[in-house]
$ cat query13.cif   # mmCIF, C-alpha atoms
data_structure
#
loop_
_atom_site.label_atom_id
_atom_site.label_comp_id
_atom_site.auth_asym_id
_atom_site.auth_seq_id
_atom_site.Cartn_x
_atom_site.Cartn_y
_atom_site.Cartn_z
CA MET V 1 26.52 12.66 57.74
CA LYS V 2 24.43 9.87 56.23
CA ILE V 3 21.91 11.31 53.77
CA LEU V 4 19.07 9.67 51.87
CA LEU V 5 18.06 11.40 48.67
CA HIS V 6 14.50 10.46 47.69
CA SER V 7 13.50 10.98 44.10
CA PRO V 8 10.65 9.59 42.03
CA VAL V 9 13.21 8.14 39.63
CA SER V 10 12.18 6.07 36.68
CA THR V 11 14.40 3.05 36.09
CA VAL V 12 13.38 3.06 32.43
CA ARG V 13 13.67 6.69 31.33
CA ARG V 14 16.45 9.19 31.80
CA ASN V 15 14.39 12.07 33.09
CA GLY V 16 15.05 15.33 34.88
CA ASN V 17 14.59 13.76 38.30
CA ARG V 18 17.34 11.26 37.60
CA GLN V 19 19.68 14.00 36.38
CA THR V 20 18.95 16.28 39.34
CA SER V 21 19.39 13.38 41.75
CA SER V 22 22.78 12.49 40.25
CA GLU V 23 23.97 16.08 40.46
CA TRP V 24 22.96 16.44 44.13
CA ILE V 25 24.55 13.13 45.04
CA GLU V 26 27.84 14.28 43.55
CA ILE V 27 27.70 17.66 45.34
CA LEU V 28 26.91 16.06 48.70
CA ARG V 29 29.58 13.36 48.35
CA GLN V 30 32.20 15.96 47.46
CA ALA V 31 31.20 17.74 50.69
CA GLY V 32 32.09 14.55 52.57
CA HIS V 33 28.66 13.02 53.13
CA LYS V 34 27.60 9.43 52.60
CA VAL V 35 24.62 9.62 50.21
CA SER V 36 22.20 6.95 49.07
CA ALA V 37 19.59 7.52 46.37
CA ILE V 38 16.24 5.93 47.10
CA SER V 39 12.88 5.83 45.35
CA ALA V 40 11.07 4.37 48.38
CA TYR V 41 11.86 4.72 52.08
CA GLU V 42 12.12 1.32 53.75
CA GLY V 43 13.15 2.26 57.28
CA GLU V 44 16.87 2.65 56.68
CA ARG V 45 18.73 4.83 59.20
CA ALA V 46 20.00 8.22 58.16
CA ASP V 47 20.69 11.65 59.59
CA LEU V 48 18.77 13.45 56.86
CA LEU V 49 16.27 12.78 54.10
CA ILE V 50 16.21 15.10 51.12
CA ALA V 51 13.06 14.94 48.99
CA LEU V 52 13.51 16.24 45.46
CA HIS V 53 9.78 16.30 44.70
CA ALA V 54 7.51 17.30 47.57
CA ASN V 55 4.28 15.71 46.32
CA LYS V 56 5.79 12.49 45.01
CA SER V 57 8.07 12.12 48.05
CA ARG V 58 5.34 12.75 50.63
CA LYS V 59 4.97 9.11 51.67
CA ALA V 60 8.74 8.71 52.10
CA VAL V 61 8.98 11.90 54.16
CA LEU V 62 6.16 10.81 56.49
CA HIS V 63 7.68 7.34 56.96
CA PHE V 64 11.13 8.82 57.59
CA ARG V 65 9.65 11.14 60.23
CA GLU V 66 7.97 8.18 61.95
CA HIS V 67 11.25 6.25 62.11
CA ASN V 68 13.39 9.31 62.95
CA PRO V 69 11.41 11.62 65.25
CA ALA V 70 14.50 13.60 66.28
#

$ encode --input "query13.cif" --output "structure tokens"
Amino acid sequence: MKILLHSPVSTVRRNGNRQTSSEWIEILRQAGHKVSAISAYEGERADLLIALHANKSRKAVLHFREHNPA
């Protein structure tokens, strides 16, 4: 399964979101999934979008739903 993991990750600081994102990516890859970390959804195709932060990921979730209605 192709999974996008959206996280409001800072490229400057090593924060909790970055750590949580890294941990989930490792878990999902070990389970056999192809996982890409994103901080903005740009229309890429995927079977699933996981949002680590509901409020900060809202825009990405809405865009993903528009592009992937099923």

$ closest_residue --input "query13.cif" --among "V:Ala60, V:Leu5, V:Ala70, V:Ala46" --to "Ile27 in chain V" --atoms "all atoms listed in the file"
V:Leu5

$ atom_distance --input "query13.cif" --atom1 "CA of Leu4 in chain V" --atom2 "CA of Asn55 in chain V"
16.9 Å

$ resolve_selection --input "query13.cif" --expression "the PyMOL selection byres ((chain V and resi 33) around 12)" --output "PyMOL selection string"
chain V and resi 1-5+24-32+34-36+46-48

$ closest_residue --input "query13.cif" --among "V:Arg45, V:Val61, V:His53, V:Ile38" --to "His6 in chain V" --atoms "all atoms listed in the file"
V:Ile38

$ closest_residue --input "query13.cif" --among "V:His63, V:Ala37, V:Asn68, V:Gln19" --to "Ile50 in chain V" --atoms "only C-alpha atoms"
V:Ala37

$ closest_residue --input "query13.cif" --among "V:Pro8, V:Lys56, V:Leu49, V:Glu42" --to "Ser21 in chain V" --atoms "only C-alpha atoms"
V:Pro8

$ closest_residue --input "query13.cif" --among "V:Leu52, V:Gly43, V:Arg58, V:Phe64" --to "Ser7 in chain V" --atoms "all atoms listed in the file"
V:Leu52
